[in-house]
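Beneath this line is the structure, given in structure tokens, with notes to follow.
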Amino acid sequence: MIRRFNYTNRIRIRRKDIRITVREEAGQIAFDADLAALGEYTLPPDSRIYVEAYRQANWMRFGFGQVGAISPAKNRLLTQFDSAEGIKFRVKVTPNGDLHTLLAEADAIPLVLPENIDAEHTPLLPVKPQKLGDEIYRLDFSGQDGRPLLLINSEAGNYTDIGKSPAFVSLVYPAIFREILIRILLVDPHDDDTNPNDWKSQWVRFATLHPGLGDLPDTSETDERGQWIEKAVCAFSKQLQVRSKFAEFWKEDL
Amino acid sequence: MKLRKLTSLGITQFSEYLDLLENEPSRLPPIHLLEDSGCSASVAAAADIQHRHFGTRYAAAEYINSVLTKSGEANLDSDVGMWSWLTLFYFDELCPKDKSGNRYPRERAAYIPEPQNFQRYYRHLLLGPHLIFRAHIDKPKRAMAVLCQPLHLIDDIIAQLAAYQEIVSNKTIIEMATQLYLDPVSGGKKRGAGGKGPGSPRRLTTVLDQFDVTWDLYAMSLSEFWKLLPREFDKFRSTT
């Protein structure tokens with residue numbers, strides 16, 4: 001991973017503050033961008049806004065007026081792209097004038113397809129009861145897109161009760177989280193957290209939401225990725241209050 | 001011959017051939033797949049395509065772009081079957097035989113593209129040049145730094161510059177890279193341009209990545225880049 005130093009006071013615009021949707025216009029793909037949240041950042045009202053669309057070697061740039069007076073380019077046809085699939089966006093804010101410095105930026109913003117607007121509501125880890133012999137649970141990656149499915153032994157008891165029990169939550173969930181991250185980040189290895197329709201990206205994004213992890217190391221930095229996973233599992237366990245849940249069922253016989 | 005695409009069965013069989021080639025380097029390519037009705041299918045608006053030897057990535061990209069433009073078909077950039085078919089069609093140049101008649105294939109992404117993988121799409125030996133050529137269609141020769149190479153090679157210039165979307169899609173940066181690393185007399189890369197030392201493409205990506213924190217690189221002119229570049233690049237800039 002190339003490490004960069006940012007002493008520029010450039011503002012990082014949160015991706016969730018930008019919403020970009022695709023539509024069809026005259027048989028071609030076009031986009032709309034909701035940039036209203038830029039007004040919440042401390043930026044000069046006359047600074048310029050640009051939205052860039054990119055994929056592979058293709059790139060297009062559109063003026064969106066100024067922070068204090070957002071004015072989308074009239075023509076927002078994505079003519080350099082033969083389909084909407086995989087297109088990502090950047091939003092850049094630069095000073096008004098000829099100085100090409102960056103005041104603020106958001107990168108790798110995914111395009112939301114109309115048919116995928118509800119994708120965020122798909123559960124990260126679907127659960128299903130199944131006969132598993134002497135095993136209590138198993139992670140199944142054999143589905144069509146490899147999305148993990150948590151199987152709980154249907155002969156061990158009510159699977160929903162087992163899944164919510166303090167013993168299961170405290171002992172199994174951190175192990176599941178670790179197993180999934182190892183598969184995504186070390187076995188695969190995946191490097192994207194921006195595609196809302198890809199289960200691997202959803203899991204990476206879920207992991208990065210935990211505090212104190214820092215940037216995800218590059219795919220070539222295997223050891224660093226391993227350490228990043230351990231930190232993620234630690235933060236996940238803390239958020240889940242695993243230790244107190246463990247104490248709910250564990251009574252030492254003094 | 002008419003342009004076609006490999007079906008999923010055809011891609012599987014081509015992939016199996018590449019596996020076998022690892023241990024049997026003299027094995028003949030499965031060119032029968034090109035016209036086998038179960039392993040390949042016609043492209044909707046099929047254009048004529050000819051066997052030829054290109055010599056460079058530029059020549060291949062120029063020809064394929066003309067063929068695909070004539071076909072009038074959209075959505076071909078991500079058509080794994082078509083690019084795999086083209087790879088097999090031009091396999092002799094993409095995976096050439098050595099003097100003993102043996103072929104030594106590169107990684108799979110060089111022959112069967114991964115267009116959705118932003119880290120590996122450019123490594124396909126035909127799709128990579130095609131996308132670069134088309135991104136610079138207004139003046140494709142500005143991208144000669146990453147198009148001048150023989151078709152079967154991914155050298156360090158390509159690996160460094162084409163791997164970064166912000167670089168390969170930036171017309172000014174690509175023009176600068178061509179001025180830095182292309183020998184205008186020979187048409188090939190300058191001596192030392194494939195190294196890892198000062199002024200190399202590897203250093204250029206590192207420097208540009210740092211600039212990217214501060215500057216809107218797509219808005220900058222060539223003269224602005226020249227002013228910003230460290231002196232380590234002077235040795236390539238002056239040897240034109």
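Residues are referred to by chain and number: the chain letter is A, B, ... according to the order shown in the structure tokens, the number counts from 1 in that chain, and ligands are numbered separately from 1 in the order shown.
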Next item on the list: Just need the residues of chain B within 9 Å of chain A, counting only C-alpha atoms, so spit them out as a PyMOL selection string.
Entry: chain B and resi 74-78+115-119+121-122+128+131-132+134-136+162-170+206+209-210+212-220
Checklist line | All residues 10 Å or closer to Glu62 of chain B, only C-alpha atoms, same chain fewer than 2 positions away omitted, as a list in words | finding: Phe54, Arg57, Tyr58, Ala59, Ala60, Ile64, Asn65, Ser66, Val67, Pro129, His130, Phe133, Arg134, Ile137 and Pro140 of chain B
Note to self: Residues within 9 Å of Phe236 of chain B, please, as number ranges by chain. Count only C-alpha atoms; anything in the same chain fewer than 2 positions from it doesn't count.
What the structure shows: B: 179-181, 190-193, 199-200, 232-234, 238-240
Next item on the list: Write out as a ChimeraX atom specification each polymer residue whose atoms come within 10 Å of Gly10 of chain B, counting only C-alpha atoms; drop sequence neighbours fewer than 6 positions from it.
Entry: /B:16,30,33-34,36-41,81,84-85
Could those residues be written to a file, using N, CA and C atoms, as a PDB file, in the first residue's frame?
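Produced file selection-v6.pdb, reproduced below:
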```pdb
ATOM      1  N   GLU B  16      -9.129 -24.742 -19.128  1.00  0.00           N
ATOM      2  CA  GLU B  16      -8.507 -26.058 -18.886  1.00  0.00           C
ATOM      3  C   GLU B  16      -7.248 -26.215 -19.748  1.00  0.00           C
ATOM      4  N   PRO B  30      -6.591 -24.923 -28.397  1.00  0.00           N
ATOM      5  CA  PRO B  30      -7.873 -25.520 -28.849  1.00  0.00           C
ATOM      6  C   PRO B  30      -8.622 -24.588 -29.805  1.00  0.00           C
ATOM      7  N   LEU B  33     -12.400 -24.491 -30.762  1.00  0.00           N
ATOM      8  CA  LEU B  33     -13.452 -23.839 -29.962  1.00  0.00           C
ATOM      9  C   LEU B  33     -13.990 -22.590 -30.657  1.00  0.00           C
ATOM     10  N   LEU B  34     -13.160 -21.999 -31.499  1.00  0.00           N
ATOM     11  CA  LEU B  34     -13.535 -20.729 -32.129  1.00  0.00           C
ATOM     12  C   LEU B  34     -14.811 -20.835 -32.954  1.00  0.00           C
ATOM     13  N   ASP B  36     -16.789 -23.940 -32.806  1.00  0.00           N
ATOM     14  CA  ASP B  36     -17.631 -25.008 -32.270  1.00  0.00           C
ATOM     15  C   ASP B  36     -18.948 -24.398 -31.776  1.00  0.00           C
ATOM     16  N   SER B  37     -20.057 -24.961 -32.214  1.00  0.00           N
ATOM     17  CA  SER B  37     -21.346 -24.336 -31.888  1.00  0.00           C
ATOM     18  C   SER B  37     -21.689 -24.447 -30.402  1.00  0.00           C
ATOM     19  N   GLY B  38     -21.134 -25.421 -29.698  1.00  0.00           N
ATOM     20  CA  GLY B  38     -21.406 -25.526 -28.257  1.00  0.00           C
ATOM     21  C   GLY B  38     -20.475 -24.670 -27.419  1.00  0.00           C
ATOM     22  N   CYS B  39     -19.313 -24.379 -27.952  1.00  0.00           N
ATOM     23  CA  CYS B  39     -18.299 -23.658 -27.174  1.00  0.00           C
ATOM     24  C   CYS B  39     -18.168 -22.194 -27.581  1.00  0.00           C
ATOM     25  N   SER B  40     -18.798 -21.825 -28.678  1.00  0.00           N
ATOM     26  CA  SER B  40     -18.770 -20.410 -29.064  1.00  0.00           C
ATOM     27  C   SER B  40     -20.095 -20.053 -29.720  1.00  0.00           C
ATOM     28  N   ALA B  41     -20.378 -18.766 -29.734  1.00  0.00           N
ATOM     29  CA  ALA B  41     -21.644 -18.285 -30.303  1.00  0.00           C
ATOM     30  C   ALA B  41     -21.367 -17.002 -31.058  1.00  0.00           C
ATOM     31  N   GLY B  81     -16.755 -13.511 -22.678  1.00  0.00           N
ATOM     32  CA  GLY B  81     -16.737 -14.516 -23.737  1.00  0.00           C
ATOM     33  C   GLY B  81     -16.094 -13.999 -25.016  1.00  0.00           C
ATOM     34  N   SER B  84     -12.330 -13.497 -24.513  1.00  0.00           N
ATOM     35  CA  SER B  84     -11.658 -14.800 -24.442  1.00  0.00           C
ATOM     36  C   SER B  84     -11.545 -15.401 -25.841  1.00  0.00           C
ATOM     37  N   TRP B  85     -12.605 -15.218 -26.646  1.00  0.00           N
ATOM     38  CA  TRP B  85     -12.578 -15.707 -28.035  1.00  0.00           C
ATOM     39  C   TRP B  85     -11.461 -15.003 -28.814  1.00  0.00           C
TER      40      TRP B  85
END
```
Next item on the list: Give me every strand (DSSP E) residue in segment 136-241 of chain A, going by DSSP on the backbone, as a PyMOL selection string.
Entry: chain A and resi 137-140+149-153
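For segment 43-133 of chain A, backbone-based DSSP labels the following residues as helix (DSSP H, G or I): Pro114, Glu115, Asn116, Ala119, Glu120 and His121 of chain A.
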Save the residues we just selected, N, CA and C atoms, as a CSV table (one decimal), in the first residue's frame?
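So the final result, stored in out25.csv, reads:
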```csv
chain,number,residue,atom,x,y,z
A,114,PRO,N,-31.5,1.6,-9.8
A,114,PRO,CA,-32.9,1.6,-9.3
A,114,PRO,C,-33.3,0.3,-8.7
A,115,GLU,N,-32.9,-0.8,-9.4
A,115,GLU,CA,-33.4,-2.1,-8.9
A,115,GLU,C,-32.7,-2.5,-7.6
A,116,ASN,N,-31.6,-1.8,-7.2
A,116,ASN,CA,-30.8,-2.2,-6.0
A,116,ASN,C,-31.0,-1.2,-4.9
A,119,ALA,N,-31.2,-2.9,-1.7
A,119,ALA,CA,-30.1,-4.0,-1.4
A,119,ALA,C,-29.6,-3.9,0.0
A,120,GLU,N,-29.6,-2.6,0.6
A,120,GLU,CA,-29.0,-2.5,1.9
A,120,GLU,C,-29.8,-3.2,3.0
A,121,HIS,N,-31.1,-3.6,2.6
A,121,HIS,CA,-31.9,-4.3,3.6
A,121,HIS,C,-31.7,-5.8,3.6
```
